[in-house]
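Visitor: Before I ask anything, here is the structure I am working with.
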Amino acid sequence: MPSFQNDCVIVGASFAGLACATALARAGMRVTVLEKKADPGEKLHTTGIIVKDAVDQIALLDGLPSDLVHRVHGVRLYAPSLRHVDLSAPGYYFLATDTPRVMRWLAQRAEEAGARIDYRKSFTAAARVPGGFDLGEAGTTRFLVGADGPGSRVAQVLGLGRSSKFLFGIEHEYDGADIADPDRMHCFIDRRIAPGYLAWVVSGVGIVQVGLARRVRDGQPAAPAAMAAFLDKVAPLFDFRDRRPASVRAGMIPCGGVVRPVAAQRLLLVGDAAGMVSPLTAGGIHTALKHGLAAGHAIVDFLSGRGEDPAGGFVRSYPTFRAKRLVRFLFDHFQSDMLFDLLLGTRPMRAAAGIVYFHRKGVFDPPVRASDARSRVAQDAPPR
Ligand SMILES: Cc1cc2nc3c(=O)[nH]c(=O)nc-3n(C[C@H](O)[C@H](O)[C@H](O)COP(=O)(O)OP(=O)(O)OC[C@H]3O[C@@H](n4cnc5c(N)ncnc54)[C@H](O)[C@@H]3O)c2cc1C
């Protein structure tokens, strides 16, 4: 058996890769992360909103500095006619984030644990050798993880599954802007502008984020044209038409569920590379962190001789999104602006929105007990 330079190489220093690297490094594994960018906070393709469930369930986020987040307490959902309804669930919130700094903070956690992050290092090729992989210049490794996003090069090179169904998201960042009701996420349904998903205006940390995501299909106007139409549409409420965005975030969002195969011997995909994004909410940060960490632990067990290769049983713990894929199918095929205008504010619509936004903690939930709320909120970043 050759001696390997790494126990695990992870491709991609974003949510999934950094969570996985932290778990491995904390267990004393020799782990290297290859990242093609020079800085984990540059060229982001995410709004960066973290749901409360992630904060509650993922200890890695404990200690996330409070100046990196802005707590958003509810959603204002606008029908195509711009009529709106306010939704919230007791105790529920979202964290809008200073995402570049959150990424750097996560990278620092991984490095403090002992992981090495090689920036400006693109994964291009790998050859199987007995007991692992040879990555050429990037060295040899006993295990390889593809956490390299929706267009995963690891999946392509090593013959794993790749997503084929996507939304495309585009977002403008406006520096130093203010909006009315900054503690709400303003979400807009409009089939013309954001078919298959939504458009949004969110007050982030020192910026306002204005974006939309839409189904990727031929024959539709390009996302920048849709963005211009959205800016015109919301101008009576939030007028950004005369401002230049400080930055634009954009990217593909896999929405067809987990790819197949998602793993092979000593090889695993995780996060967007695995197609691990909710087909309904298009949120992938929570799943990337959660399954990134879990993959790290499973690889530690395997490499320490305490468990089987995670390419076997472990990947069955990946989400199936069965119900969410069904709702996505219905939304893709039967989305109707007229229906949304009619139904907005009705009990069934509020209940459905509660499921989507507040993860089954519907708007009709009984109030959270004060003790529950206190115990969790005290540990997390205080509201700004
Ligand atoms: C516009 C937009 C808005 C979104 N908003 C939200 C949101 O608010 N909340 C939410 O939960 N989800 C959101 N999502 C989805 C979410 O961003 C993703 O699910 C999440 O980023 C997935 O993390 P990841 O670590 O799997 O992969 P990614 O974040 O895609 O990171 C992949 C990393 O791999 C690196 N990489 C790629 N190829 C190589 C290579 N060959 N060699 C070396 N490195 C490589 C990339 O540079 C990158 O750093 C949004 C997506 C988009 C496009």
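Order determines the names: the first chain of the structure tokens is A, the second B, and so forth; residues in each chain are numbered 1 upward, and ligands are numbered 1 upward as they are shown.
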Under the rule of at most 10 Å, produce a per-residue listing of stretch 91-143 of chain A near stretch 177-189 of chain A: chain, number, name, the closest pair of atoms, and the distance in Å, as JSON lines, using only C-alpha atoms.

Guide:
```
{"residue": "A:Tyr93", "atom": "CA", "partner": "A:Arg184", "partner_atom": "CA", "distance": 9.5}
{"residue": "A:Phe94", "atom": "CA", "partner": "A:Met185", "partner_atom": "CA", "distance": 8.7}
{"residue": "A:Ala96", "atom": "CA", "partner": "A:Met185", "partner_atom": "CA", "distance": 9.2}
```

Visitor: Pull all heavy atoms from the residues just selected and write them as a PDB file, in the first residue's frame.

Guide:
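What follows is the written file selection.pdb:
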```pdb
ATOM      1  N   TYR A  93     -36.764  32.827  12.858  1.00  0.00           N
ATOM      2  CA  TYR A  93     -36.068  33.939  12.207  1.00  0.00           C
ATOM      3  C   TYR A  93     -35.137  33.382  11.130  1.00  0.00           C
ATOM      4  O   TYR A  93     -34.883  32.174  11.062  1.00  0.00           O
ATOM      5  CB  TYR A  93     -35.261  34.765  13.231  1.00  0.00           C
ATOM      6  CG  TYR A  93     -34.191  33.971  13.940  1.00  0.00           C
ATOM      7  CD1 TYR A  93     -32.924  33.789  13.390  1.00  0.00           C
ATOM      8  CD2 TYR A  93     -34.458  33.368  15.176  1.00  0.00           C
ATOM      9  CE1 TYR A  93     -31.957  33.046  14.032  1.00  0.00           C
ATOM     10  CE2 TYR A  93     -33.493  32.615  15.830  1.00  0.00           C
ATOM     11  CZ  TYR A  93     -32.242  32.456  15.247  1.00  0.00           C
ATOM     12  OH  TYR A  93     -31.299  31.696  15.878  1.00  0.00           O
ATOM     13  N   PHE A  94     -34.664  34.277  10.301  1.00  0.00           N
ATOM     14  CA  PHE A  94     -33.620  33.961   9.316  1.00  0.00           C
ATOM     15  C   PHE A  94     -32.434  34.870   9.630  1.00  0.00           C
ATOM     16  O   PHE A  94     -32.638  35.969  10.123  1.00  0.00           O
ATOM     17  CB  PHE A  94     -34.085  34.289   7.893  1.00  0.00           C
ATOM     18  CG  PHE A  94     -35.390  33.652   7.528  1.00  0.00           C
ATOM     19  CD1 PHE A  94     -36.594  34.317   7.777  1.00  0.00           C
ATOM     20  CD2 PHE A  94     -35.439  32.404   6.942  1.00  0.00           C
ATOM     21  CE1 PHE A  94     -37.807  33.736   7.444  1.00  0.00           C
ATOM     22  CE2 PHE A  94     -36.634  31.819   6.608  1.00  0.00           C
ATOM     23  CZ  PHE A  94     -37.834  32.482   6.865  1.00  0.00           C
ATOM     24  N   ALA A  96     -29.822  37.028   7.755  1.00  0.00           N
ATOM     25  CA  ALA A  96     -29.138  37.584   6.584  1.00  0.00           C
ATOM     26  C   ALA A  96     -27.690  37.758   7.035  1.00  0.00           C
ATOM     27  O   ALA A  96     -27.437  38.050   8.201  1.00  0.00           O
ATOM     28  CB  ALA A  96     -29.750  38.923   6.213  1.00  0.00           C
TER      29      ALA A  96
END
```

Visitor: Skipping near chain neighbours, those fewer than 2 positions away, what residues fall within 8 Å of stretch 319-324 of chain A using only C-alpha atoms, listed as a list in words?

Guide: Gly257, Val258, Met276, Ser278, Pro279, Leu280, Arg316, Ser317, Leu326, Val327 and Arg328 of chain A

Visitor: To check your reading of the model: which residues sit at most 7 Å from ligand 1 when counting only C-alpha atoms and all ligand atoms? Write the answer as a ChimeraX atom specification.

Guide: /A:11-17,34-37,40,45-50,121-124,147-150,152-153,168-171,213,249-253,270-273,277,282-286,288

Visitor: Residues as selected, N, CA and C atoms, written as a compact mmCIF listing (two decimals), in the first residue's frame, can you do that?

Guide:
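New file out35.txt:
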```
# COMPACT_ATOMS: atom_id res chain seq x y z
N VAL A 11 -12.52 19.04 -2.39
CA VAL A 11 -12.47 20.06 -3.43
C VAL A 11 -13.62 21.05 -3.17
N GLY A 12 -13.26 22.32 -2.90
CA GLY A 12 -14.26 23.37 -2.67
C GLY A 12 -14.25 23.84 -1.22
N ALA A 13 -13.91 25.14 -1.04
CA ALA A 13 -13.89 25.71 0.32
C ALA A 13 -15.11 26.61 0.49
N SER A 14 -16.29 25.96 0.47
CA SER A 14 -17.50 26.72 0.75
C SER A 14 -18.21 26.00 1.91
N PHE A 15 -19.51 26.13 2.02
CA PHE A 15 -20.20 25.61 3.20
C PHE A 15 -19.95 24.11 3.40
N ALA A 16 -20.18 23.31 2.36
CA ALA A 16 -20.06 21.85 2.52
C ALA A 16 -18.61 21.45 2.76
N GLY A 17 -17.71 21.97 1.95
CA GLY A 17 -16.30 21.56 2.04
C GLY A 17 -15.67 21.98 3.35
N LEU A 34 -8.86 21.96 -1.58
CA LEU A 34 -8.43 22.67 -2.80
C LEU A 34 -9.51 23.67 -3.18
N GLU A 35 -9.15 24.91 -3.33
CA GLU A 35 -10.13 25.95 -3.68
C GLU A 35 -9.57 26.78 -4.82
N LYS A 36 -10.37 26.89 -5.88
CA LYS A 36 -9.84 27.57 -7.06
C LYS A 36 -9.78 29.09 -6.87
N LYS A 37 -10.59 29.63 -5.95
CA LYS A 37 -10.57 31.09 -5.74
C LYS A 37 -9.39 31.45 -4.83
N PRO A 40 -12.07 32.73 0.12
CA PRO A 40 -13.37 32.05 0.16
C PRO A 40 -14.55 33.02 0.09
N HIS A 45 -21.94 33.14 -4.92
CA HIS A 45 -23.16 32.95 -5.68
C HIS A 45 -24.25 32.48 -4.72
N THR A 46 -24.43 33.28 -3.67
CA THR A 46 -25.49 32.96 -2.72
C THR A 46 -25.95 34.23 -2.05
N THR A 47 -27.23 34.27 -1.69
CA THR A 47 -27.72 35.38 -0.89
C THR A 47 -27.18 35.25 0.53
N GLY A 48 -26.97 34.01 0.93
CA GLY A 48 -26.32 33.78 2.22
C GLY A 48 -27.26 33.77 3.41
N ILE A 49 -28.55 33.58 3.15
CA ILE A 49 -29.49 33.56 4.28
C ILE A 49 -29.43 32.19 4.96
N ILE A 50 -29.24 32.23 6.26
CA ILE A 50 -29.17 30.98 7.03
C ILE A 50 -30.44 30.85 7.84
N LYS A 121 -6.08 26.86 -6.25
CA LYS A 121 -5.70 25.50 -6.66
C LYS A 121 -6.95 24.80 -7.21
N SER A 122 -7.03 24.67 -8.52
CA SER A 122 -8.18 24.02 -9.14
C SER A 122 -7.97 22.53 -9.21
N PHE A 123 -9.00 21.79 -8.87
CA PHE A 123 -8.96 20.35 -9.11
C PHE A 123 -9.23 20.15 -10.59
N THR A 124 -8.38 19.36 -11.25
CA THR A 124 -8.61 19.10 -12.67
C THR A 124 -8.72 17.61 -12.98
N ALA A 147 -16.88 18.80 -3.06
CA ALA A 147 -17.78 19.81 -2.49
C ALA A 147 -17.65 21.05 -3.37
N ASP A 148 -17.60 20.80 -4.67
CA ASP A 148 -17.23 21.84 -5.62
C ASP A 148 -18.41 22.40 -6.40
N GLY A 149 -19.59 22.36 -5.77
CA GLY A 149 -20.71 23.09 -6.31
C GLY A 149 -21.43 22.41 -7.46
N PRO A 150 -22.43 23.14 -8.03
CA PRO A 150 -23.35 22.52 -8.98
C PRO A 150 -22.72 22.00 -10.27
N SER A 152 -19.92 20.33 -10.55
CA SER A 152 -18.81 19.57 -9.98
C SER A 152 -17.86 18.92 -10.99
N ARG A 153 -16.62 19.37 -10.92
CA ARG A 153 -15.57 18.78 -11.77
C ARG A 153 -15.20 17.39 -11.23
N PHE A 168 -31.83 29.46 -12.01
CA PHE A 168 -30.68 30.38 -12.09
C PHE A 168 -30.99 31.57 -11.19
N GLY A 169 -30.05 31.90 -10.32
CA GLY A 169 -30.25 33.01 -9.39
C GLY A 169 -29.33 34.17 -9.73
N ILE A 170 -29.87 35.38 -9.63
CA ILE A 170 -29.04 36.58 -9.83
C ILE A 170 -29.42 37.59 -8.76
N GLU A 171 -28.43 38.28 -8.24
CA GLU A 171 -28.70 39.20 -7.14
C GLU A 171 -27.80 40.42 -7.21
N ALA A 213 -34.70 34.30 -8.63
CA ALA A 213 -34.26 33.02 -9.20
C ALA A 213 -35.37 32.50 -10.08
N ARG A 249 -24.17 38.91 -7.55
CA ARG A 249 -23.95 37.50 -7.26
C ARG A 249 -24.87 36.70 -8.21
N ALA A 250 -24.38 35.62 -8.75
CA ALA A 250 -25.24 34.85 -9.64
C ALA A 250 -24.77 33.40 -9.68
N GLY A 251 -25.67 32.51 -9.98
CA GLY A 251 -25.26 31.12 -10.10
C GLY A 251 -26.41 30.17 -10.31
N MET A 252 -26.04 28.95 -10.65
CA MET A 252 -27.03 27.90 -10.86
C MET A 252 -27.40 27.27 -9.52
N ILE A 253 -28.66 26.91 -9.40
CA ILE A 253 -29.14 26.26 -8.18
C ILE A 253 -29.75 24.91 -8.59
N VAL A 270 -20.86 16.10 -1.85
CA VAL A 270 -21.68 16.68 -0.79
C VAL A 270 -22.03 18.12 -1.17
N GLY A 271 -23.11 18.64 -0.59
CA GLY A 271 -23.55 20.00 -0.89
C GLY A 271 -24.14 20.09 -2.30
N ASP A 272 -23.95 21.24 -2.95
CA ASP A 272 -24.53 21.43 -4.29
C ASP A 272 -23.99 20.42 -5.30
N ALA A 273 -22.76 19.98 -5.12
CA ALA A 273 -22.20 18.98 -6.04
C ALA A 273 -23.06 17.73 -6.02
N VAL A 277 -29.94 20.54 -2.62
CA VAL A 277 -30.61 21.82 -2.39
C VAL A 277 -32.11 21.54 -2.34
N ALA A 282 -35.06 26.32 -2.56
CA ALA A 282 -33.75 26.59 -3.19
C ALA A 282 -32.68 26.91 -2.16
N GLY A 283 -32.93 26.62 -0.91
CA GLY A 283 -31.93 26.82 0.14
C GLY A 283 -31.00 25.61 0.19
N GLY A 284 -29.70 25.87 0.24
CA GLY A 284 -28.76 24.75 0.26
C GLY A 284 -27.70 24.89 1.34
N ILE A 285 -27.71 26.01 2.06
CA ILE A 285 -26.63 26.23 3.03
C ILE A 285 -26.78 25.27 4.21
N HIS A 286 -28.02 25.14 4.70
CA HIS A 286 -28.24 24.25 5.85
C HIS A 286 -27.82 22.82 5.50
N ALA A 288 -25.86 21.78 3.12
CA ALA A 288 -24.42 21.69 2.83
C ALA A 288 -23.63 21.58 4.13
```

Visitor: Can you list, as a PyMOL selection string, every residue of stretch 320-363 of chain A that DSSP puts in alpha helix (DSSP H)?

Guide: chain A and resi 322-334+337-343+347-358

Visitor: Based on the selection just made, write C-alpha atoms of those residues as a short mmCIF file (atom, residue, chain, number, x, y, z; two decimals), in the first residue's frame.

Guide:
```
data_model
loop_
_atom_site.label_atom_id
_atom_site.label_comp_id
_atom_site.auth_asym_id
_atom_site.auth_seq_id
_atom_site.Cartn_x
_atom_site.Cartn_y
_atom_site.Cartn_z
CA ARG A 322 -39.62 13.54 -2.30
CA ALA A 323 -42.50 15.81 -1.24
CA LYS A 324 -40.59 18.94 -2.18
CA ARG A 325 -39.84 17.60 -5.65
CA LEU A 326 -43.55 16.95 -6.12
CA VAL A 327 -44.43 20.51 -5.12
CA ARG A 328 -41.69 21.75 -7.47
CA PHE A 329 -43.26 19.75 -10.30
CA LEU A 330 -46.66 21.31 -9.57
CA PHE A 331 -45.12 24.80 -9.35
CA ASP A 332 -43.24 24.25 -12.62
CA HIS A 333 -46.33 23.14 -14.47
CA PHE A 334 -49.24 25.00 -12.90
CA ASP A 337 -50.30 34.58 -11.20
CA MET A 338 -54.09 34.88 -11.20
CA LEU A 339 -54.39 32.09 -8.65
CA PHE A 340 -51.80 33.69 -6.36
CA ASP A 341 -53.59 37.02 -6.57
CA LEU A 342 -56.83 35.28 -5.63
CA LEU A 343 -55.48 33.09 -2.87
CA ARG A 347 -55.88 30.17 5.24
CA PRO A 348 -54.61 27.47 2.82
CA MET A 349 -52.12 29.90 1.27
CA ARG A 350 -50.85 31.04 4.67
CA ALA A 351 -50.55 27.44 5.82
CA ALA A 352 -48.62 26.46 2.67
CA ALA A 353 -46.34 29.49 3.02
CA GLY A 354 -45.75 28.60 6.66
CA ILE A 355 -44.55 25.16 5.60
CA VAL A 356 -42.23 26.58 2.95
CA TYR A 357 -40.74 29.41 4.98
CA PHE A 358 -40.88 28.16 8.53
#
```

Visitor: I need the strand (DSSP E) residues of stretch 186-331 of chain A per DSSP on the backbone, written as a PyMOL selection string.

Guide: chain A and resi 186-188+199-203+207-215+247-254+263-264+267-269

Visitor: Grab the residues selected above and save them as a tab-separated table (two decimals), in the first residue's frame with N, CA and C atoms.

Guide:
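Output saved as again_11.tsv:
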```tsv
chain	number	residue	atom	x	y	z
A	186	HIS	N	-38.66	40.41	1.91
A	186	HIS	CA	-39.73	40.79	0.99
A	186	HIS	C	-39.66	39.86	-0.23
A	187	CYS	N	-40.66	39.01	-0.38
A	187	CYS	CA	-40.64	37.99	-1.45
A	187	CYS	C	-41.77	38.23	-2.44
A	188	PHE	N	-41.45	38.13	-3.71
A	188	PHE	CA	-42.39	38.50	-4.76
A	188	PHE	C	-42.64	37.31	-5.68
A	199	ALA	N	-38.78	36.37	-6.52
A	199	ALA	CA	-37.81	37.46	-6.47
A	199	ALA	C	-37.84	38.01	-5.05
A	200	TRP	N	-36.78	38.73	-4.64
A	200	TRP	CA	-36.72	39.15	-3.24
A	200	TRP	C	-35.97	40.47	-3.06
A	201	VAL	N	-36.28	41.11	-1.96
A	201	VAL	CA	-35.52	42.27	-1.49
A	201	VAL	C	-35.26	42.02	-0.01
A	202	VAL	N	-33.99	42.00	0.38
A	202	VAL	CA	-33.64	41.68	1.76
A	202	VAL	C	-32.61	42.68	2.26
A	203	SER	N	-32.84	43.14	3.48
A	203	SER	CA	-31.84	44.01	4.10
A	203	SER	C	-30.78	43.12	4.72
A	207	ILE	N	-25.84	46.21	3.48
A	207	ILE	CA	-26.24	46.24	2.06
A	207	ILE	C	-27.72	45.85	1.96
A	208	VAL	N	-28.31	46.18	0.82
A	208	VAL	CA	-29.63	45.60	0.51
A	208	VAL	C	-29.42	44.66	-0.66
A	209	GLN	N	-29.99	43.48	-0.56
A	209	GLN	CA	-29.82	42.46	-1.60
A	209	GLN	C	-31.13	42.33	-2.38
A	210	VAL	N	-31.04	42.49	-3.68
A	210	VAL	CA	-32.23	42.45	-4.53
A	210	VAL	C	-31.98	41.38	-5.58
A	211	GLY	N	-32.79	40.35	-5.59
A	211	GLY	CA	-32.49	39.27	-6.52
A	211	GLY	C	-33.71	38.49	-6.96
A	212	LEU	N	-33.45	37.54	-7.80
A	212	LEU	CA	-34.51	36.65	-8.25
A	212	LEU	C	-33.88	35.33	-8.68
A	213	ALA	N	-34.70	34.30	-8.63
A	213	ALA	CA	-34.26	33.02	-9.20
A	213	ALA	C	-35.37	32.50	-10.08
A	214	ARG	N	-34.99	31.89	-11.18
A	214	ARG	CA	-35.98	31.44	-12.15
A	214	ARG	C	-35.55	30.13	-12.79
A	215	ARG	N	-36.57	29.39	-13.22
A	215	ARG	CA	-36.32	28.12	-13.89
A	215	ARG	C	-35.45	28.35	-15.12
A	247	SER	N	-22.06	45.06	-6.32
A	247	SER	CA	-21.60	43.74	-6.74
A	247	SER	C	-22.80	42.92	-7.23
A	248	VAL	N	-22.55	41.92	-8.05
A	248	VAL	CA	-23.62	41.04	-8.54
A	248	VAL	C	-23.25	39.61	-8.19
A	249	ARG	N	-24.17	38.91	-7.55
A	249	ARG	CA	-23.95	37.50	-7.26
A	249	ARG	C	-24.87	36.70	-8.21
A	250	ALA	N	-24.38	35.62	-8.75
A	250	ALA	CA	-25.24	34.85	-9.64
A	250	ALA	C	-24.77	33.40	-9.68
A	251	GLY	N	-25.67	32.51	-9.98
A	251	GLY	CA	-25.26	31.12	-10.10
A	251	GLY	C	-26.41	30.17	-10.31
A	252	MET	N	-26.04	28.95	-10.65
A	252	MET	CA	-27.03	27.90	-10.86
A	252	MET	C	-27.40	27.27	-9.52
A	253	ILE	N	-28.66	26.91	-9.40
A	253	ILE	CA	-29.14	26.26	-8.18
A	253	ILE	C	-29.75	24.91	-8.59
A	254	PRO	N	-29.09	23.81	-8.23
A	254	PRO	CA	-29.66	22.52	-8.62
A	254	PRO	C	-31.00	22.30	-7.90
A	263	ALA	N	-21.81	8.76	-4.90
A	263	ALA	CA	-20.58	8.31	-4.22
A	263	ALA	C	-20.07	7.06	-4.93
A	264	ALA	N	-18.81	6.80	-4.71
A	264	ALA	CA	-18.18	5.54	-5.16
A	264	ALA	C	-17.10	5.23	-4.13
A	267	LEU	N	-14.95	7.88	-2.28
A	267	LEU	CA	-15.28	9.10	-3.02
A	267	LEU	C	-16.72	9.50	-2.72
A	268	LEU	N	-16.90	10.79	-2.42
A	268	LEU	CA	-18.24	11.25	-2.00
A	268	LEU	C	-18.48	12.65	-2.53
A	269	LEU	N	-19.70	12.90	-2.95
A	269	LEU	CA	-20.09	14.29	-3.25
A	269	LEU	C	-20.93	14.80	-2.10
```

Visitor: For the interface of stretch 139-189 of chain A with stretch 306-315 of chain A (cut-off 12 Å, counting only C-alpha atoms), please tabulate each contacting residue of stretch 139-189 of chain A alongside its nearest pair of atoms and their separation in Å to one decimal, rows sorted by chain and increasing number, as a tab-separated table.

Guide:
```
residue	atom	partner	partner_atom	distance
A:Arg142	CA	A:Asp309	CA	11.4
A:Phe143	CA	A:Asp309	CA	9.7
A:Leu144	CA	A:Ala311	CA	11.0
A:Val145	CA	A:Ala311	CA	10.7
A:Leu160	CA	A:Ala311	CA	11.6
```

Visitor: Suppose we keep N, CA, C and O atoms; can you now write the selection as an mmCIF file, in the first residue's frame?

Guide:
```
data_model
loop_
_atom_site.group_PDB
_atom_site.id
_atom_site.type_symbol
_atom_site.label_atom_id
_atom_site.label_comp_id
_atom_site.auth_asym_id
_atom_site.auth_seq_id
_atom_site.Cartn_x
_atom_site.Cartn_y
_atom_site.Cartn_z
ATOM 1 N N ARG A 142 -6.239 9.300 0.683
ATOM 2 C CA ARG A 142 -6.971 8.047 0.923
ATOM 3 C C ARG A 142 -8.457 8.201 0.614
ATOM 4 O O ARG A 142 -9.149 7.227 0.376
ATOM 5 N N PHE A 143 -8.952 9.452 0.662
ATOM 6 C CA PHE A 143 -10.373 9.691 0.398
ATOM 7 C C PHE A 143 -10.500 11.027 -0.331
ATOM 8 O O PHE A 143 -9.707 11.944 -0.111
ATOM 9 N N LEU A 144 -11.489 11.116 -1.195
ATOM 10 C CA LEU A 144 -11.705 12.348 -1.966
ATOM 11 C C LEU A 144 -13.171 12.785 -1.825
ATOM 12 O O LEU A 144 -14.092 11.974 -1.973
ATOM 13 N N VAL A 145 -13.363 14.085 -1.546
ATOM 14 C CA VAL A 145 -14.719 14.628 -1.421
ATOM 15 C C VAL A 145 -14.908 15.731 -2.456
ATOM 16 O O VAL A 145 -14.090 16.655 -2.533
ATOM 17 N N LEU A 160 -19.318 10.415 -11.533
ATOM 18 C CA LEU A 160 -20.490 10.411 -10.651
ATOM 19 C C LEU A 160 -21.624 11.208 -11.302
ATOM 20 O O LEU A 160 -21.437 11.834 -12.353
#
```

Visitor: Taking only C-alpha atoms into account, name the residue in A:Ala222, A:Gly146, A:Glu42, A:Asp62 that is nearest to A:Gly292.

Guide: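 Using only C-alpha atoms, the shortest distance to A:Gly292 belongs to A:Gly146.
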
Visitor: I'd like to know which of A:Ala38, A:Leu18, A:Val9, A:Leu82 is closest to A:Arg109, using only C-alpha atoms.

Guide: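 Once distances to A:Arg109 are computed over only C-alpha atoms, the minimum belongs to A:Leu18.
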
Visitor: Report the distance between atom CA of A:His172 and atom CA of A:Arg71 in Å, rounded to one decimal place.

Guide: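 The value is 19.8 Å.
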
Visitor: One number please: atom CA of A:Tyr78 to atom CA of A:Thr99, in Å, one decimal.

Guide: 25.7 Å

Visitor: Could you pull the residues within 9 Å of A:Leu231, counting only C-alpha atoms, minus those fewer than 4 positions along the same chain, as a ChimeraX atom specification?

Guide: /A:210,226-227,235,238-241

Visitor: Next, dump the selected residues to file, keeping only all heavy atoms, as a tab-separated table (two decimals), in the first residue's frame.

Guide:
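Result went into again02.tsv, see below:
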```
chain	number	residue	atom	x	y	z
A	210	VAL	N	-31.04	42.49	-3.68
A	210	VAL	CA	-32.23	42.45	-4.53
A	210	VAL	C	-31.98	41.38	-5.58
A	210	VAL	O	-31.02	41.48	-6.35
A	210	VAL	CB	-32.45	43.81	-5.23
A	210	VAL	CG1	-33.68	43.75	-6.13
A	210	VAL	CG2	-32.60	44.93	-4.19
A	226	ALA	N	-34.83	40.01	-16.84
A	226	ALA	CA	-35.84	39.77	-15.79
A	226	ALA	C	-35.54	40.66	-14.58
A	226	ALA	O	-36.46	41.19	-13.93
A	226	ALA	CB	-35.82	38.31	-15.38
A	227	MET	N	-34.26	40.85	-14.28
A	227	MET	CA	-33.86	41.69	-13.16
A	227	MET	C	-34.30	43.13	-13.42
A	227	MET	O	-34.81	43.80	-12.52
A	227	MET	CB	-32.34	41.59	-13.01
A	227	MET	CG	-31.83	42.14	-11.75
A	227	MET	SD	-32.32	41.15	-10.32
A	227	MET	CE	-31.70	42.21	-9.07
A	235	ALA	N	-40.26	49.35	-8.04
A	235	ALA	CA	-39.86	50.75	-7.82
A	235	ALA	C	-40.84	51.52	-6.93
A	235	ALA	O	-40.40	52.33	-6.11
A	235	ALA	CB	-39.66	51.44	-9.17
A	238	PHE	N	-39.56	49.95	-3.49
A	238	PHE	CA	-38.11	50.06	-3.26
A	238	PHE	C	-37.50	50.47	-4.60
A	238	PHE	O	-37.49	49.67	-5.52
A	238	PHE	CB	-37.50	48.69	-2.89
A	238	PHE	CG	-38.25	47.93	-1.83
A	238	PHE	CD1	-39.08	46.87	-2.16
A	238	PHE	CD2	-38.10	48.28	-0.50
A	238	PHE	CE1	-39.76	46.16	-1.19
A	238	PHE	CE2	-38.78	47.57	0.49
A	238	PHE	CZ	-39.61	46.51	0.15
A	239	ASP	N	-37.02	51.70	-4.66
A	239	ASP	CA	-36.53	52.16	-5.97
A	239	ASP	C	-35.00	52.13	-6.04
A	239	ASP	O	-34.34	52.97	-5.44
A	239	ASP	CB	-37.06	53.57	-6.24
A	239	ASP	CG	-36.90	53.94	-7.72
A	239	ASP	OD1	-36.26	53.14	-8.45
A	239	ASP	OD2	-37.39	54.99	-8.13
A	240	PHE	N	-34.48	51.17	-6.76
A	240	PHE	CA	-33.02	51.06	-6.91
A	240	PHE	C	-32.59	51.36	-8.33
A	240	PHE	O	-31.44	51.12	-8.70
A	240	PHE	CB	-32.56	49.63	-6.55
A	240	PHE	CG	-32.71	49.33	-5.08
A	240	PHE	CD1	-33.82	48.64	-4.61
A	240	PHE	CD2	-31.76	49.75	-4.17
A	240	PHE	CE1	-33.97	48.37	-3.26
A	240	PHE	CE2	-31.90	49.49	-2.82
A	240	PHE	CZ	-33.01	48.80	-2.36
A	241	ARG	N	-33.52	51.88	-9.14
A	241	ARG	CA	-33.22	51.99	-10.57
A	241	ARG	C	-32.06	52.94	-10.88
A	241	ARG	O	-31.37	52.75	-11.86
A	241	ARG	CB	-34.47	52.42	-11.34
A	241	ARG	CG	-35.50	51.30	-11.43
A	241	ARG	CD	-36.79	51.81	-12.00
A	241	ARG	NE	-37.32	52.91	-11.20
A	241	ARG	CZ	-38.42	53.57	-11.48
A	241	ARG	NH1	-39.12	53.25	-12.54
A	241	ARG	NH2	-38.85	54.55	-10.68
```

Visitor: For A:Val300, find every residue with an atom within 8 Å (counting only C-alpha atoms), except residues of its own chain fewer than 3 positions away, and show them as an mmCIF file with N, CA, C and O atoms, in the first residue's frame.

Guide:
```
data_model
loop_
_atom_site.group_PDB
_atom_site.id
_atom_site.type_symbol
_atom_site.label_atom_id
_atom_site.label_comp_id
_atom_site.auth_asym_id
_atom_site.auth_seq_id
_atom_site.Cartn_x
_atom_site.Cartn_y
_atom_site.Cartn_z
ATOM 1 N N LEU A 24 -13.194 16.538 9.900
ATOM 2 C CA LEU A 24 -12.054 15.635 9.703
ATOM 3 C C LEU A 24 -10.826 16.112 10.483
ATOM 4 O O LEU A 24 -10.159 15.325 11.166
ATOM 5 N N ALA A 27 -10.749 15.602 14.143
ATOM 6 C CA ALA A 27 -10.490 14.215 14.543
ATOM 7 C C ALA A 27 -9.031 13.827 14.277
ATOM 8 O O ALA A 27 -8.662 12.658 14.390
ATOM 9 N N MET A 29 -7.338 14.070 11.389
ATOM 10 C CA MET A 29 -7.014 13.596 10.028
ATOM 11 C C MET A 29 -6.202 14.659 9.276
ATOM 12 O O MET A 29 -6.363 15.855 9.511
ATOM 13 N N GLY A 296 -17.904 14.266 6.973
ATOM 14 C CA GLY A 296 -16.591 14.298 7.638
ATOM 15 C C GLY A 296 -16.510 13.243 8.730
ATOM 16 O O GLY A 296 -15.532 12.478 8.806
ATOM 17 N N HIS A 297 -17.537 13.171 9.571
ATOM 18 C CA HIS A 297 -17.525 12.187 10.664
ATOM 19 C C HIS A 297 -17.506 10.757 10.113
ATOM 20 O O HIS A 297 -16.793 9.886 10.627
ATOM 21 N N LEU A 303 -11.874 5.776 7.871
ATOM 22 C CA LEU A 303 -10.405 5.777 7.783
ATOM 23 C C LEU A 303 -9.750 5.302 9.078
ATOM 24 O O LEU A 303 -8.609 4.851 9.075
ATOM 25 N N SER A 304 -10.516 5.379 10.179
ATOM 26 C CA SER A 304 -9.967 4.879 11.446
ATOM 27 C C SER A 304 -10.295 3.404 11.657
ATOM 28 O O SER A 304 -10.022 2.868 12.733
#
```
